[in-house]
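**Q** Following this message is one structure expressed as structure tokens.
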Amino acid sequence: MEETQTQEMDTPRKRYEFKKMLERLAEKEGSGTELITLYIPPDKQIYDVTAQLRDEFGQCANIKSKQTRTNVQSAISSILSRLKYYKRPPENGMAVFCGTINIGGDRTDLNCEIIEPPEPLNTYMYRCSSSFELEPLQQMLGEKEVYGLIVLDRREAYIGFLRGNRIEPVHGVTSTVPGKQRKGGQSSVRFQRLRLIAINEFYKKIGDRASDIFLAEKDFFERFKGVLIGGPTPTKEEFEAGEFLHHELQKRIIGLFDVSYTNESGLAELVENASDALKGLDIIKEKNVMNRFLQELVKDDGASSYGEESVRKNLELGAVDTLLLSDKLRRARLKLACPNSDYTEERTVSLEPGRHIKDLDLGTCPNDGATLYVAEETDIIDELTVLADQSSATVKIISDDFEEGSMLYNAFGGIAAILRYRTGY
């Protein structure tokens with residue numbers, strides 16, 4: 001069995017498909033070190049790869065287990081037969097996953113997949129193990145744009161990241177700045193001087209800590225896009241004017257924004273209030289469309305729908321303006337059939353990682369009691385997207401890396417819609 005897949009993650013849909021593919025590969029297991037992972041970078045010569053594979057084939061003679069030796073040699077032969085069709089690696093290189101997979105019930109299947117990754121591979125790897133090595137591809141799911149977040153007042157501060165759609169709190173800093181009321185025995189001038197020194201030291205502490213955290217970011221100069229600073233006036237203005245951040249960060253300050261909280265929860269408020277400055281980011285687009293849905297939901301005559309049954313009915317009626325689907329959805333739409341009659345039914349099943357259709361009890365035919373079988377299987381996102389396309393509805397795949405996106409999955413089952421008009425469904 002062979003599959004060749006090319007991925008580009010320029011849309012949430014393609015990112016969803018790539019993520020799901022990696023989950024599927026992660027589930028596959030072999031007995032012993034029988035699964036081969038082969039990463040070929042774009043500048044690697046194919047004949048060098050095939051030469052190594054032939055050498056590895058010969059080395060397999062030293063494997064004591066006959067079954068393992070046979071399975072590894074079969075995998076190598078399978079890879080070699082497929083590499084014959086390549087004069088050179090694709091533009092981003094290629095990843096090959098091949099080996100004898102356990103499919104349950106003491107049964108196995110030789111499975112071979114060739115994937116053209118969404119980004120160039122920068123490493124050559126040949127590895128035999130009981131599972132596939134996926135880390136180089138999983139790293140490609142990492143966010144390409146990262147922003148530094150700082151919220152502060154004169155009592156406390158919090159530092160974090162905005163990674164794609166996810167807000168990541170990192171570190172809190174507390175102040176020893178005295179309050180505005182001086183104690184007895186100190187002149188007001190001396191007290192104010194000491195207080196200003198303490199404030200300056202606190203700002204320096206925040207700047208040093210934030211600089212250490214942000215500059216330690218991997219691929220800083222490529223991925224780190226800027227710093228957002230939140231807090232009350234005049235604190236945030238004093239912090240920026242004092243240039244307490246490293247000069248590389250200081251010149252990347254995007255803007256100053258008012259926030260009410262300067263603890264961990266202030267980071268989300270900062271991102272919200274900086275939405276105009278970040279309006280091109282996916283998180284802002286997703287937050288905006290989720291807020292539109294929530295606003296319709298609370299209206300007495302709101303045009304919204306949620307839950308698979310209700311949304312499906314509205315899609316069939318052509319009433320959906322925007323279909324909202326969580327990227328955590330792992331469900332399949334099945335068409336079940338009876339082997340002895342024309343009975344069919346449709347059913348949605350959950351397919352969380354590690355759960356397979358073959359493990360499900362599909363029930364029996366109500367006509368003759370025969371066990372039903374799967375005649376058709378479609379990913380729920382694919383199926384609902386086809387329905388949406390029929391009425392030119394917009395489809396949005398929403399991550400759960402922010403509060404509203406998490407709410408879509410946890411509170412509304414991962415399926416919701418903004419309607420063109422109310423239907424009663």
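Chain identifiers are assigned as A, B, and so on, following the order in which chains appear in the structure tokens; residues are numbered from 1 within each chain, and ligands are numbered from 1 in order of appearance.
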Once you count only C-alpha atoms, what closest atom pair and distance in Å to one decimal does each residue of region 96-203 of chain A within 9 Å of region 278-300 of chain A have, with rows by chain and rising residue number, as JSON lines?
**A**
{"residue": "A:Gly164", "atom": "CA", "partner": "A:Ile283", "partner_atom": "CA", "distance": 6.8}
{"residue": "A:Asn165", "atom": "CA", "partner": "A:Ile283", "partner_atom": "CA", "distance": 4.6}
{"residue": "A:Arg166", "atom": "CA", "partner": "A:Ile283", "partner_atom": "CA", "distance": 7.9}
**Q** Which residues of region 123-169 of chain A have any atom within 12 Å of an atom in region 74-91 of chain A when counting only C-alpha atoms, and what is the closest pair of atoms for each, with the distance in Å to one decimal? Order the rows by chain and rising number and write it as JSON lines.
**A**
{"residue": "A:Tyr124", "atom": "CA", "partner": "A:Pro89", "partner_atom": "CA", "distance": 11.9}
{"residue": "A:Tyr126", "atom": "CA", "partner": "A:Ile76", "partner_atom": "CA", "distance": 10.9}
{"residue": "A:Arg127", "atom": "CA", "partner": "A:Ile76", "partner_atom": "CA", "distance": 11.5}
{"residue": "A:Cys128", "atom": "CA", "partner": "A:Ala75", "partner_atom": "CA", "distance": 10.3}
**Q** Pick the closest to Glu376 (chain A) from A:Ile199, A:Ala337, A:Ile398, A:Leu351: which is it, counting only C-alpha atoms?
**A** A:Ala337
**Q** Mind checking which residues fall within 7 Å of region 213-220 of chain A, counting only C-alpha atoms, ignoring those fewer than 4 positions away in the same chain, and posting them as a PyMOL selection string?
**A** chain A and resi 148+209+224
